[in-house]
Amino acid sequence: MAETLIAVIGASLLLYLLFGGADFGAGILELVVGPRAQPYVDRALSPVWETNHVWLILAVVLTFVGFPSAYVAVSTYLHVPLSLALLGIVARGVAFTFRHYDPAPPSTRRWYTWVFKASSVLTPFFLGVVFAGIAEGQMHDRLEEGFFSVFVSPWVSPLAGAVGLFTCALCVFLAASLLAAERGPGAGGQLPYLRVARGAHLAAISLGGLVFAVAWQSHVAFAHRFVGSPVALGCMGIATALIPVVAWSFGRGAVLWLRLAVAAQVATIVAGFGVAQLPVLVAFQGGESITYVDAAAPATTLRLLLMALGGGAVLIGPGIVYLMRVYKSQG
Amino acid sequence: MNLVEDLFAARTMMASTLAFHIIFACVGMSLPWFMVVARWREMVTGDPLYARLSEAWSKGVAIFFAVGAVSGTVLSFQLGLLWPGFMLHAGPVIGMPFSFEGTAFFVEAIALGLFLYGRERLRPRVHLACGVMVGVAGMASGILVIAANGWMNSPSGFTVGPEGFTDIDPVAAMLNDAWGVEALHMVLAALASTGFAAAGVHAMRLRRRPQLRLHAVGMRIALMFGVVAALLQPLSGDLSAKSVAERQPLKLAAMESHFVTEPGAGLWVGGIPDMKERTVNYGVQIPYALSFLAYADPRAEVRGLEDFPEEDWPPVLVCHLAFQLMVMMGMGMAGVGVLFLGLRWKKPSWVEHPRFLAVVAAATPMGFIAVEAGWVVTEVGRQPWIIYGVMRTEEALTPMPGLWIPLAISLAVYVTLSALALAVFRRQVRAVEEGEPDYG
Ligand code: HDD
Ligand code: HEM
Ligand code: HEM
């Protein structure tokens, strides 16, 4: 049961990365491409932005119900980067909502846009930092060593910086691939996004490489488990094999293929990381860790939780499909 | 060393996030229903005025929904950031309502999307049904989280042993003794507060621009919701008080500044508790009323604060004042309600009389004041416990020092956001008015 729950949490995080990530990326794109991007960004975001954070909330709630000690460890020792990411989420959500609905004078709207862009970088960066902190294994509970050692050093590292940047690049890549479709197939060639998307693709690949190199260099156990796991390597293999597919669909403006390939690439990367991390949920200094077995809530809780999830999925799945159909009709 | 300061900062931060969130929660639970009624009137009468009203309200729902979801995201992290000791044990016990709430939120988001984008694309009945789903899901969200709060007041569904919480039964935890009364009271509070606030805004604008039918119609619909809820609220509050008397006698005593255990206890109206002399100054006491309200028997014995060790007392002054404020606001709204129903019945045209509009405008914030005060009663009245009788609030606190920094940042954020939201709201109202054919 704990395994199923882990899979659901992983899927939820993946969906957050795909949808929420495209969201963040669109904000970063606006930063890169400039105001020309705004109409596309608004249009692409408006049907989904209300539902996006819910994937994150779902993952958080499932973690605190199903694996409370892991949730508590992360929120205690990574308090600072989590708070910064939260600040970004608040600023971004509010700025976007207001920009969308507020009939404000241009000077105010410029402010909204500025906050929107800045927080679109801040949030994914610090979420990346949090994930690096969870995997890197520099957390410890020796409170007597002082604030800096307990609450800052576990997440201030070259690896954390690299993962943060990597997350941002992934987001841009996702958003650019999504936005490349905004004018329909064929015409995509004229859009600036295609160039940006290609650039972001390269950046994501090279930053991914950097992350791995840094992790290897700083002897993070995670990196070694990664190399030792055939499944993780297989996932990476698939992701690599998809690179030419992505490049080809960019060249052809084949939007559907592009989206599928991009989603598959991100999914395999996440799955690979997940497989390499498990059974560890949170790594501490000196090789200690909380595994999902240690952290799992009692069986009654897990069983009820999975039942609630199943019931929810039955309600929600058809709803999403219906919403998308209505939105696309005469869209 | 700095435990006291950090504890204070953490409590204030939690309280401010919740106080902010509850406003969006109340609106999210109620405004969809106003929008649905307007849509339904549109279908019945064919009057495009109702269509414009329903559309204006649905935009409000969208804005409040988005900001509410953001503040809810903050809350789901903040519980762990501030109270890890609580979440470690409480998570598996009270997770059920939170996971159901996630479903409710999803359904609400989907239905709202359909309502917003489907006005032209869906058949009217289907469109209306989507609006109803938004309302149902919003209410469900609110009712479900209250189960978690009820559990903190009246913990059930586990045993405390040396290995922590065992024999966990999430269903029993969810069906705790406080949930029913709290949820009922909260639903009514949401309708009353949003109803009075919306009606008040329409009344204010109607005073300025009497020709705008949109405001006249909007005020009537909102006020109807608000008034019905406000008239039921004292009854529900009485149920709450009886339930508190049974499960948290200490909270009741603090709310009432009731120091001495006695039969036939009186009820203080107003007054300031004097902690040294253990009496209440400047108040009026209604004989036997407390015994009657708490136990439906004017001779019943009501336990006073003196029966309990002083280190278990909640802050008496805060609870007492907050309780008085809530009841005062409740009585005020019920009074406006009686007036409104009377006018509608005897002198329907006076409903738009400037005097009555002034009364409604004055009542704008009363519901929300009562909501915030009521939550202070519930939450401060539970102190020093985070889980009543099981875990002290300070045991749950994070070891992270210097919490006043995030507190200062979050207060600044909330103040800015509130100011911004008010400005956006005014511009929205203006924009809606300018789109009206009878704007002139
Ligand atoms: C419009 C808002 C509103 C109004 C008019 C009232 N209340 Fe209230 N009250 C609330 C809004 C509220 C609340 C904010 O929603 C609370 C906080 C927790 C809860 O369940 O409801 C609350 C809590 C609360 C509690 C504590 C419950 C607990 O700790 O479990 C009691 C005893 C009362 N109320 C009693 C009353 C009485 C006797 C009222 C008479 C008029 C009254 N309330 C009006
Ligand atoms: C009495 C207190 C509360 C009430 C009545 C309440 C009610 C609601 C409502 C009605 C919504 C939907 C927002 C909208 O439609 O505008 C909402 C959103 C949300 N609330 Fe609260 N809430 C309360 C406290 C909390 C607490 C303590 C948490 C912390 C975990 C929380 C977490 C959330 C989250 C995460 C969301 C957004 C997504 C979702 O609904 O799952 N709420 N709340
Ligand atoms: C939304 C309406 C609510 C408001 C306005 C509110 C208000 C407050 C206040 C004023 C405090 C500080 C009490 C003190 O320390 O003296 C507090 C604490 C707290 N509340 Fe609430 N509350 C609300 C709902 C909830 C709900 C639904 C939950 C549970 C799921 C919750 C969980 C907590 C926790 C964990 C604390 C911190 C521990 C404590 O001080 O006991 N609150 N809240």
# chains A, B, ... in the order shown; residues from 1 in each chain; ligands from 1
>>> residues_around(residues="segment 257-269 of chain A", least_positions_apart="5", cutoff="6 Å", atoms="only C-alpha atoms", output="short mmCIF file (atom, residue, chain, number, x, y, z; two decimals) with N, CA and C atoms, in the first residue's frame")
data_model
loop_
_atom_site.label_atom_id
_atom_site.label_comp_id
_atom_site.auth_asym_id
_atom_site.auth_seq_id
_atom_site.Cartn_x
_atom_site.Cartn_y
_atom_site.Cartn_z
N CYS A 235 15.59 4.61 -17.82
CA CYS A 235 14.76 5.82 -17.97
C CYS A 235 15.57 6.91 -18.66
N ALA A 239 14.90 8.88 -22.18
CA ALA A 239 14.88 10.34 -22.30
C ALA A 239 15.88 10.80 -23.35
N VAL A 246 12.31 15.02 -30.31
CA VAL A 246 11.94 16.40 -29.98
C VAL A 246 12.51 17.34 -31.04
N SER A 249 10.51 17.11 -34.21
CA SER A 249 9.20 17.73 -34.22
C SER A 249 9.31 19.25 -34.15
#
>>> select_by_dssp(residues="segment 300-406 of chain B", states="strand (DSSP E)", output="MDAnalysis selection string")
chainID B and resid 301:302 385:387 391:392
>>> write_last_selection(atoms="all heavy atoms", output="PDB file, in the first residue's frame")
ATOM      1  N   GLU B 301     -25.477  23.627  37.469  1.00  0.00           N
ATOM      2  CA  GLU B 301     -24.200  24.144  37.956  1.00  0.00           C
ATOM      3  C   GLU B 301     -23.263  24.343  36.767  1.00  0.00           C
ATOM      4  O   GLU B 301     -23.145  23.465  35.918  1.00  0.00           O
ATOM      5  CB  GLU B 301     -23.586  23.156  38.945  1.00  0.00           C
ATOM      6  CG  GLU B 301     -22.274  23.659  39.497  1.00  0.00           C
ATOM      7  CD  GLU B 301     -21.653  22.663  40.467  1.00  0.00           C
ATOM      8  OE1 GLU B 301     -21.993  22.745  41.663  1.00  0.00           O
ATOM      9  OE2 GLU B 301     -20.859  21.813  40.033  1.00  0.00           O
ATOM     10  N   VAL B 302     -22.628  25.518  36.713  1.00  0.00           N
ATOM     11  CA  VAL B 302     -21.645  25.771  35.652  1.00  0.00           C
ATOM     12  C   VAL B 302     -20.276  25.874  36.302  1.00  0.00           C
ATOM     13  O   VAL B 302     -20.087  26.650  37.236  1.00  0.00           O
ATOM     14  CB  VAL B 302     -21.971  27.077  34.901  1.00  0.00           C
ATOM     15  CG1 VAL B 302     -20.949  27.300  33.799  1.00  0.00           C
ATOM     16  CG2 VAL B 302     -23.365  27.028  34.325  1.00  0.00           C
ATOM     17  N   TRP B 385      -3.655  24.278  24.698  1.00  0.00           N
ATOM     18  CA  TRP B 385      -3.569  23.019  23.980  1.00  0.00           C
ATOM     19  C   TRP B 385      -3.639  23.230  22.476  1.00  0.00           C
ATOM     20  O   TRP B 385      -4.432  24.039  22.016  1.00  0.00           O
ATOM     21  CB  TRP B 385      -4.736  22.091  24.362  1.00  0.00           C
ATOM     22  CG  TRP B 385      -4.847  21.828  25.815  1.00  0.00           C
ATOM     23  CD1 TRP B 385      -5.701  22.417  26.683  1.00  0.00           C
ATOM     24  CD2 TRP B 385      -4.084  20.892  26.572  1.00  0.00           C
ATOM     25  NE1 TRP B 385      -5.515  21.917  27.940  1.00  0.00           N
ATOM     26  CE2 TRP B 385      -4.532  20.973  27.903  1.00  0.00           C
ATOM     27  CE3 TRP B 385      -3.068  19.990  26.262  1.00  0.00           C
ATOM     28  CZ2 TRP B 385      -3.989  20.189  28.922  1.00  0.00           C
ATOM     29  CZ3 TRP B 385      -2.539  19.204  27.280  1.00  0.00           C
ATOM     30  CH2 TRP B 385      -2.994  19.317  28.587  1.00  0.00           C
ATOM     31  N   ILE B 386      -2.860  22.468  21.724  1.00  0.00           N
ATOM     32  CA  ILE B 386      -3.050  22.439  20.279  1.00  0.00           C
ATOM     33  C   ILE B 386      -4.014  21.300  19.954  1.00  0.00           C
ATOM     34  O   ILE B 386      -4.874  21.419  19.102  1.00  0.00           O
ATOM     35  CB  ILE B 386      -1.712  22.338  19.525  1.00  0.00           C
ATOM     36  CG1 ILE B 386      -1.910  22.538  18.027  1.00  0.00           C
ATOM     37  CG2 ILE B 386      -1.005  21.027  19.780  1.00  0.00           C
ATOM     38  CD1 ILE B 386      -0.618  22.745  17.260  1.00  0.00           C
ATOM     39  N   ILE B 387      -3.868  20.168  20.670  1.00  0.00           N
ATOM     40  CA  ILE B 387      -4.876  19.105  20.625  1.00  0.00           C
ATOM     41  C   ILE B 387      -5.417  19.034  22.039  1.00  0.00           C
ATOM     42  O   ILE B 387      -4.689  18.678  22.970  1.00  0.00           O
ATOM     43  CB  ILE B 387      -4.268  17.748  20.224  1.00  0.00           C
ATOM     44  CG1 ILE B 387      -3.467  17.877  18.938  1.00  0.00           C
ATOM     45  CG2 ILE B 387      -5.374  16.700  20.074  1.00  0.00           C
ATOM     46  CD1 ILE B 387      -2.688  16.620  18.600  1.00  0.00           C
ATOM     47  N   MET B 391      -2.006  17.455  23.615  1.00  0.00           N
ATOM     48  CA  MET B 391      -0.699  18.032  23.285  1.00  0.00           C
ATOM     49  C   MET B 391      -0.732  19.528  23.470  1.00  0.00           C
ATOM     50  O   MET B 391      -1.644  20.207  22.993  1.00  0.00           O
ATOM     51  CB  MET B 391      -0.328  17.690  21.834  1.00  0.00           C
ATOM     52  CG  MET B 391       1.034  18.215  21.422  1.00  0.00           C
ATOM     53  SD  MET B 391       1.336  17.996  19.655  1.00  0.00           S
ATOM     54  CE  MET B 391       1.746  16.278  19.598  1.00  0.00           C
ATOM     55  N   ARG B 392       0.293  20.049  24.162  1.00  0.00           N
ATOM     56  CA  ARG B 392       0.390  21.491  24.365  1.00  0.00           C
ATOM     57  C   ARG B 392       0.932  22.154  23.104  1.00  0.00           C
ATOM     58  O   ARG B 392       1.763  21.570  22.397  1.00  0.00           O
ATOM     59  CB  ARG B 392       1.348  21.798  25.513  1.00  0.00           C
ATOM     60  CG  ARG B 392       0.865  21.244  26.828  1.00  0.00           C
ATOM     61  CD  ARG B 392       0.418  22.386  27.688  1.00  0.00           C
ATOM     62  NE  ARG B 392      -0.112  21.863  28.956  1.00  0.00           N
ATOM     63  CZ  ARG B 392      -0.661  22.635  29.863  1.00  0.00           C
ATOM     64  NH1 ARG B 392      -0.761  23.944  29.654  1.00  0.00           N
ATOM     65  NH2 ARG B 392      -1.130  22.134  30.967  1.00  0.00           N
TER      66      ARG B 392
END
>>> residues_around(residues="Asp177 of chain B", least_positions_apart="5", cutoff="9 Å", atoms="only C-alpha atoms", output="PDB file with N, CA, C and O atoms, in the first residue's frame")
ATOM      1  N   GLY B 150     -12.418  20.462  14.400  1.00  0.00           N
ATOM      2  CA  GLY B 150     -13.227  19.834  15.438  1.00  0.00           C
ATOM      3  C   GLY B 150     -12.420  18.797  16.210  1.00  0.00           C
ATOM      4  O   GLY B 150     -12.520  18.699  17.436  1.00  0.00           O
ATOM      5  N   TRP B 151     -11.585  18.080  15.485  1.00  0.00           N
ATOM      6  CA  TRP B 151     -10.765  17.052  16.135  1.00  0.00           C
ATOM      7  C   TRP B 151      -9.768  17.678  17.104  1.00  0.00           C
ATOM      8  O   TRP B 151      -9.472  17.126  18.164  1.00  0.00           O
ATOM      9  N   ASN B 153     -10.328  20.233  18.850  1.00  0.00           N
ATOM     10  CA  ASN B 153     -11.117  20.612  20.019  1.00  0.00           C
ATOM     11  C   ASN B 153     -11.627  19.410  20.788  1.00  0.00           C
ATOM     12  O   ASN B 153     -11.844  19.475  21.986  1.00  0.00           O
ATOM     13  N   SER B 154     -11.869  18.336  20.071  1.00  0.00           N
ATOM     14  CA  SER B 154     -12.508  17.184  20.692  1.00  0.00           C
ATOM     15  C   SER B 154     -11.864  15.922  20.116  1.00  0.00           C
ATOM     16  O   SER B 154     -12.450  15.244  19.290  1.00  0.00           O
ATOM     17  N   PRO B 155     -10.620  15.656  20.503  1.00  0.00           N
ATOM     18  CA  PRO B 155      -9.852  14.592  19.848  1.00  0.00           C
ATOM     19  C   PRO B 155     -10.480  13.219  20.059  1.00  0.00           C
ATOM     20  O   PRO B 155     -10.940  12.910  21.166  1.00  0.00           O
ATOM     21  N   SER B 156     -10.497  12.428  18.985  1.00  0.00           N
ATOM     22  CA  SER B 156     -10.999  11.069  19.101  1.00  0.00           C
ATOM     23  C   SER B 156     -10.312  10.225  18.035  1.00  0.00           C
ATOM     24  O   SER B 156      -9.616  10.753  17.176  1.00  0.00           O
ATOM     25  N   SER B 243     -22.444  22.459  23.219  1.00  0.00           N
ATOM     26  CA  SER B 243     -21.416  21.469  22.937  1.00  0.00           C
ATOM     27  C   SER B 243     -20.093  21.836  23.619  1.00  0.00           C
ATOM     28  O   SER B 243     -19.408  20.983  24.185  1.00  0.00           O
ATOM     29  N   ARG B 247     -17.817  19.610  26.217  1.00  0.00           N
ATOM     30  CA  ARG B 247     -16.493  19.058  25.919  1.00  0.00           C
ATOM     31  C   ARG B 247     -15.342  19.930  26.395  1.00  0.00           C
ATOM     32  O   ARG B 247     -14.248  19.444  26.629  1.00  0.00           O
TER      33      ARG B 247
END
>>> residues_near_ligand(ligand="ligand 1", cutoff="8 Å", atoms="only C-alpha atoms and all ligand atoms", output="ChimeraX atom specification")
/B:146,150,153,178,181-193,230,233-244,251-252,323,326-331,333-334,366-379,381-382
>>> residues_around(residues="Glu433 of chain B", least_positions_apart="4", cutoff="8 Å", atoms="only C-alpha atoms", output="PyMOL selection string")
chain B and resi 212+429+439
>>> closest_atom_pairs(of="segment 68-164 of chain A", to="segment 193-207 of chain A", cutoff="10 Å", atoms="only C-alpha atoms", output="CSV")
residue,atom,partner,partner_atom,distance
A:Ala162,CA,A:Leu207,CA,6.9
A:Val163,CA,A:Leu207,CA,8.0
A:Gly164,CA,A:Leu207,CA,9.7
>>> write_last_selection(atoms="N, CA, C and O atoms", output="PDB file, in the first residue's frame")
ATOM      1  N   ALA A 162      22.585  23.998  -8.847  1.00  0.00           N
ATOM      2  CA  ALA A 162      22.459  23.375 -10.161  1.00  0.00           C
ATOM      3  C   ALA A 162      21.053  22.827 -10.364  1.00  0.00           C
ATOM      4  O   ALA A 162      20.442  22.994 -11.433  1.00  0.00           O
ATOM      5  N   VAL A 163      20.502  22.170  -9.338  1.00  0.00           N
ATOM      6  CA  VAL A 163      19.159  21.608  -9.486  1.00  0.00           C
ATOM      7  C   VAL A 163      18.132  22.723  -9.657  1.00  0.00           C
ATOM      8  O   VAL A 163      17.196  22.609 -10.456  1.00  0.00           O
ATOM      9  N   GLY A 164      18.329  23.818  -8.908  1.00  0.00           N
ATOM     10  CA  GLY A 164      17.412  24.944  -9.052  1.00  0.00           C
ATOM     11  C   GLY A 164      17.388  25.463 -10.483  1.00  0.00           C
ATOM     12  O   GLY A 164      16.323  25.642 -11.079  1.00  0.00           O
TER      13      GLY A 164
END
>>> residues_near_ligand(ligand="ligand 2", cutoff="6 Å", atoms="only C-alpha atoms and all ligand atoms", output="number ranges by chain")
A: 57; B: 22, 24-25, 28-29, 64-65, 68-69, 72-73, 75-76, 101-102, 105, 138-139, 141-142, 145-146
>>> write_last_selection(atoms="N, CA and C atoms", output="PDB file, in the first residue's frame")
ATOM      1  N   ILE A  57      -0.479  20.563  -3.831  1.00  0.00           N
ATOM      2  CA  ILE A  57      -1.206  20.382  -2.574  1.00  0.00           C
ATOM      3  C   ILE A  57      -1.481  18.906  -2.349  1.00  0.00           C
TER       4      ILE A  57
ATOM      5  N   ILE B  22      -9.717  32.593   5.797  1.00  0.00           N
ATOM      6  CA  ILE B  22     -11.133  32.347   6.100  1.00  0.00           C
ATOM      7  C   ILE B  22     -12.029  33.290   5.307  1.00  0.00           C
ATOM      8  N   PHE B  24     -11.543  34.256   2.208  1.00  0.00           N
ATOM      9  CA  PHE B  24     -11.707  33.654   0.885  1.00  0.00           C
ATOM     10  C   PHE B  24     -12.533  32.386   0.985  1.00  0.00           C
ATOM     11  N   ALA B  25     -12.349  31.671   2.088  1.00  0.00           N
ATOM     12  CA  ALA B  25     -13.125  30.448   2.270  1.00  0.00           C
ATOM     13  C   ALA B  25     -14.615  30.769   2.369  1.00  0.00           C
ATOM     14  N   GLY B  28     -15.823  31.674  -0.973  1.00  0.00           N
ATOM     15  CA  GLY B  28     -15.843  30.488  -1.834  1.00  0.00           C
ATOM     16  C   GLY B  28     -16.988  29.549  -1.510  1.00  0.00           C
ATOM     17  N   MET B  29     -17.438  29.558  -0.255  1.00  0.00           N
ATOM     18  CA  MET B  29     -18.548  28.686   0.113  1.00  0.00           C
ATOM     19  C   MET B  29     -19.897  29.302  -0.266  1.00  0.00           C
ATOM     20  N   PHE B  64     -11.712  35.174  -6.094  1.00  0.00           N
ATOM     21  CA  PHE B  64     -11.581  34.690  -4.727  1.00  0.00           C
ATOM     22  C   PHE B  64     -11.094  33.254  -4.689  1.00  0.00           C
ATOM     23  N   PHE B  65     -11.534  32.478  -5.653  1.00  0.00           N
ATOM     24  CA  PHE B  65     -11.107  31.081  -5.709  1.00  0.00           C
ATOM     25  C   PHE B  65      -9.601  30.993  -5.894  1.00  0.00           C
ATOM     26  N   GLY B  68      -7.874  32.264  -2.823  1.00  0.00           N
ATOM     27  CA  GLY B  68      -8.129  31.309  -1.747  1.00  0.00           C
ATOM     28  C   GLY B  68      -7.274  30.066  -1.896  1.00  0.00           C
ATOM     29  N   ALA B  69      -7.123  29.584  -3.118  1.00  0.00           N
ATOM     30  CA  ALA B  69      -6.303  28.395  -3.336  1.00  0.00           C
ATOM     31  C   ALA B  69      -4.851  28.684  -2.994  1.00  0.00           C
ATOM     32  N   GLY B  72      -4.554  28.753   0.684  1.00  0.00           N
ATOM     33  CA  GLY B  72      -4.661  27.375   1.167  1.00  0.00           C
ATOM     34  C   GLY B  72      -3.382  26.588   0.950  1.00  0.00           C
ATOM     35  N   THR B  73      -2.721  26.832  -0.191  1.00  0.00           N
ATOM     36  CA  THR B  73      -1.436  26.184  -0.430  1.00  0.00           C
ATOM     37  C   THR B  73      -0.462  26.565   0.681  1.00  0.00           C
ATOM     38  N   LEU B  75      -1.180  27.406   3.685  1.00  0.00           N
ATOM     39  CA  LEU B  75      -1.563  26.737   4.932  1.00  0.00           C
ATOM     40  C   LEU B  75      -1.079  25.303   4.981  1.00  0.00           C
ATOM     41  N   SER B  76      -1.205  24.588   3.845  1.00  0.00           N
ATOM     42  CA  SER B  76      -0.868  23.167   3.924  1.00  0.00           C
ATOM     43  C   SER B  76       0.628  22.987   4.172  1.00  0.00           C
ATOM     44  N   GLU B 101     -10.952  16.963   0.999  1.00  0.00           N
ATOM     45  CA  GLU B 101     -11.025  18.364   0.613  1.00  0.00           C
ATOM     46  C   GLU B 101     -10.337  18.573  -0.726  1.00  0.00           C
ATOM     47  N   GLY B 102      -9.239  17.829  -0.927  1.00  0.00           N
ATOM     48  CA  GLY B 102      -8.557  17.936  -2.210  1.00  0.00           C
ATOM     49  C   GLY B 102      -9.503  17.609  -3.355  1.00  0.00           C
ATOM     50  N   PHE B 105     -11.944  20.367  -3.902  1.00  0.00           N
ATOM     51  CA  PHE B 105     -11.330  21.507  -4.557  1.00  0.00           C
ATOM     52  C   PHE B 105     -11.237  21.284  -6.063  1.00  0.00           C
ATOM     53  N   GLY B 138     -17.661  23.925  -2.993  1.00  0.00           N
ATOM     54  CA  GLY B 138     -17.122  24.932  -2.091  1.00  0.00           C
ATOM     55  C   GLY B 138     -17.561  24.686  -0.653  1.00  0.00           C
ATOM     56  N   MET B 139     -18.846  24.427  -0.470  1.00  0.00           N
ATOM     57  CA  MET B 139     -19.363  24.107   0.873  1.00  0.00           C
ATOM     58  C   MET B 139     -18.656  22.882   1.427  1.00  0.00           C
ATOM     59  N   SER B 141     -15.715  21.705   0.784  1.00  0.00           N
ATOM     60  CA  SER B 141     -14.346  22.034   1.228  1.00  0.00           C
ATOM     61  C   SER B 141     -14.374  22.561   2.655  1.00  0.00           C
ATOM     62  N   GLY B 142     -15.236  23.541   2.863  1.00  0.00           N
ATOM     63  CA  GLY B 142     -15.284  24.173   4.169  1.00  0.00           C
ATOM     64  C   GLY B 142     -15.670  23.190   5.260  1.00  0.00           C
ATOM     65  N   VAL B 145     -12.695  20.671   6.124  1.00  0.00           N
ATOM     66  CA  VAL B 145     -11.581  21.112   6.983  1.00  0.00           C
ATOM     67  C   VAL B 145     -12.023  21.332   8.411  1.00  0.00           C
ATOM     68  N   ILE B 146     -13.287  21.717   8.581  1.00  0.00           N
ATOM     69  CA  ILE B 146     -13.765  21.921   9.945  1.00  0.00           C
ATOM     70  C   ILE B 146     -13.643  20.625  10.749  1.00  0.00           C
TER      71      ILE B 146
END
>>> residues_around(residues="segment 410-423 of chain B", least_positions_apart="4", cutoff="8 Å", atoms="only C-alpha atoms", output="number ranges by chain")
B: 13, 16, 20, 406, 427
>>> write_last_selection(atoms="N, CA, C and O atoms", output="PDB file, in the first residue's frame")
ATOM      1  N   MET B  13       1.592  34.098  13.244  1.00  0.00           N
ATOM      2  CA  MET B  13       1.684  33.811  11.824  1.00  0.00           C
ATOM      3  C   MET B  13       0.553  32.874  11.414  1.00  0.00           C
ATOM      4  O   MET B  13      -0.114  33.080  10.407  1.00  0.00           O
ATOM      5  N   SER B  16      -2.665  34.786  11.440  1.00  0.00           N
ATOM      6  CA  SER B  16      -2.880  35.751  10.358  1.00  0.00           C
ATOM      7  C   SER B  16      -3.163  35.022   9.044  1.00  0.00           C
ATOM      8  O   SER B  16      -4.024  35.440   8.275  1.00  0.00           O
ATOM      9  N   PHE B  20      -6.731  35.420   7.123  1.00  0.00           N
ATOM     10  CA  PHE B  20      -6.764  35.826   5.721  1.00  0.00           C
ATOM     11  C   PHE B  20      -7.536  34.783   4.907  1.00  0.00           C
ATOM     12  O   PHE B  20      -8.442  35.101   4.144  1.00  0.00           O
ATOM     13  N   PRO B 406      10.074  35.540   9.359  1.00  0.00           N
ATOM     14  CA  PRO B 406       8.963  35.162   8.482  1.00  0.00           C
ATOM     15  C   PRO B 406       7.645  35.803   8.896  1.00  0.00           C
ATOM     16  O   PRO B 406       6.816  36.126   8.036  1.00  0.00           O
ATOM     17  N   ARG B 427     -12.194  48.590  -8.606  1.00  0.00           N
ATOM     18  CA  ARG B 427     -12.137  48.783 -10.056  1.00  0.00           C
ATOM     19  C   ARG B 427     -13.064  47.826 -10.784  1.00  0.00           C
ATOM     20  O   ARG B 427     -13.681  48.172 -11.785  1.00  0.00           O
TER      21      ARG B 427
END
>>> atom_distance(atom1="atom 9 (C, counted along the ligand's line) of ligand 3", atom2="atom CA of Ser83 of chain A")
20.0 Å
>>> residues_around(residues="segment 160-166 of chain B", least_positions_apart="6", cutoff="10 Å", atoms="only C-alpha atoms", output="number ranges by chain")
A: 298; B: 88-90, 92-93, 390
>>> write_last_selection(atoms="N, CA and C atoms", output="PDB file, in the first residue's frame")
ATOM      1  N   PRO A 298       0.085   4.154   9.814  1.00  0.00           N
ATOM      2  CA  PRO A 298      -0.531   2.853  10.035  1.00  0.00           C
ATOM      3  C   PRO A 298      -1.392   2.395   8.853  1.00  0.00           C
TER       4      PRO A 298
ATOM      5  N   LEU B  88       3.290  15.548  12.938  1.00  0.00           N
ATOM      6  CA  LEU B  88       3.867  14.207  13.024  1.00  0.00           C
ATOM      7  C   LEU B  88       2.824  13.224  13.542  1.00  0.00           C
ATOM      8  N   HIS B  89       2.069  13.653  14.557  1.00  0.00           N
ATOM      9  CA  HIS B  89       1.083  12.747  15.136  1.00  0.00           C
ATOM     10  C   HIS B  89      -0.295  12.911  14.517  1.00  0.00           C
ATOM     11  N   ALA B  90      -0.633  14.154  14.174  1.00  0.00           N
ATOM     12  CA  ALA B  90      -2.001  14.404  13.731  1.00  0.00           C
ATOM     13  C   ALA B  90      -2.221  13.994  12.282  1.00  0.00           C
ATOM     14  N   PRO B  92      -1.600  11.375  10.231  1.00  0.00           N
ATOM     15  CA  PRO B  92      -2.297  10.131   9.914  1.00  0.00           C
ATOM     16  C   PRO B  92      -3.700  10.050  10.530  1.00  0.00           C
ATOM     17  N   VAL B  93      -3.934  10.796  11.608  1.00  0.00           N
ATOM     18  CA  VAL B  93      -5.245  10.693  12.260  1.00  0.00           C
ATOM     19  C   VAL B  93      -6.296  11.534  11.539  1.00  0.00           C
ATOM     20  N   VAL B 390      -4.411  16.765  25.012  1.00  0.00           N
ATOM     21  CA  VAL B 390      -3.459  15.754  24.562  1.00  0.00           C
ATOM     22  C   VAL B 390      -2.078  16.348  24.326  1.00  0.00           C
TER      23      VAL B 390
END
>>> closest_residue(among="B:Lys59, B:His215, B:Arg11, B:Arg123", to="ligand 3", atoms="only C-alpha atoms and all ligand atoms")
B:Arg11
>>> residues_around(residues="Pro314 of chain B", least_positions_apart="3", cutoff="9 Å", atoms="only C-alpha atoms", output="PyMOL selection string")
chain B and resi 250-251+254+310-311+317-319+380-385
>>> select_by_dssp(residues="segment 194-326 of chain A", states="alpha helix (DSSP H)", output="ChimeraX atom specification")
/A:194-217,221-228,230-252,255-277,292-295,299-326
>>> atom_distance(atom1="atom CA of Ser153 of chain A", atom2="atom CA of Thr291 of chain A")
22.3 Å
>>> atom_distance(atom1="atom CA of Glu30 of chain A", atom2="atom CA of Val172 of chain A")
9.9 Å
>>> closest_residue(among="A:Phe226, A:Phe147, A:Phe131, A:Trp111", to="chain B", atoms="only C-alpha atoms")
A:Phe147
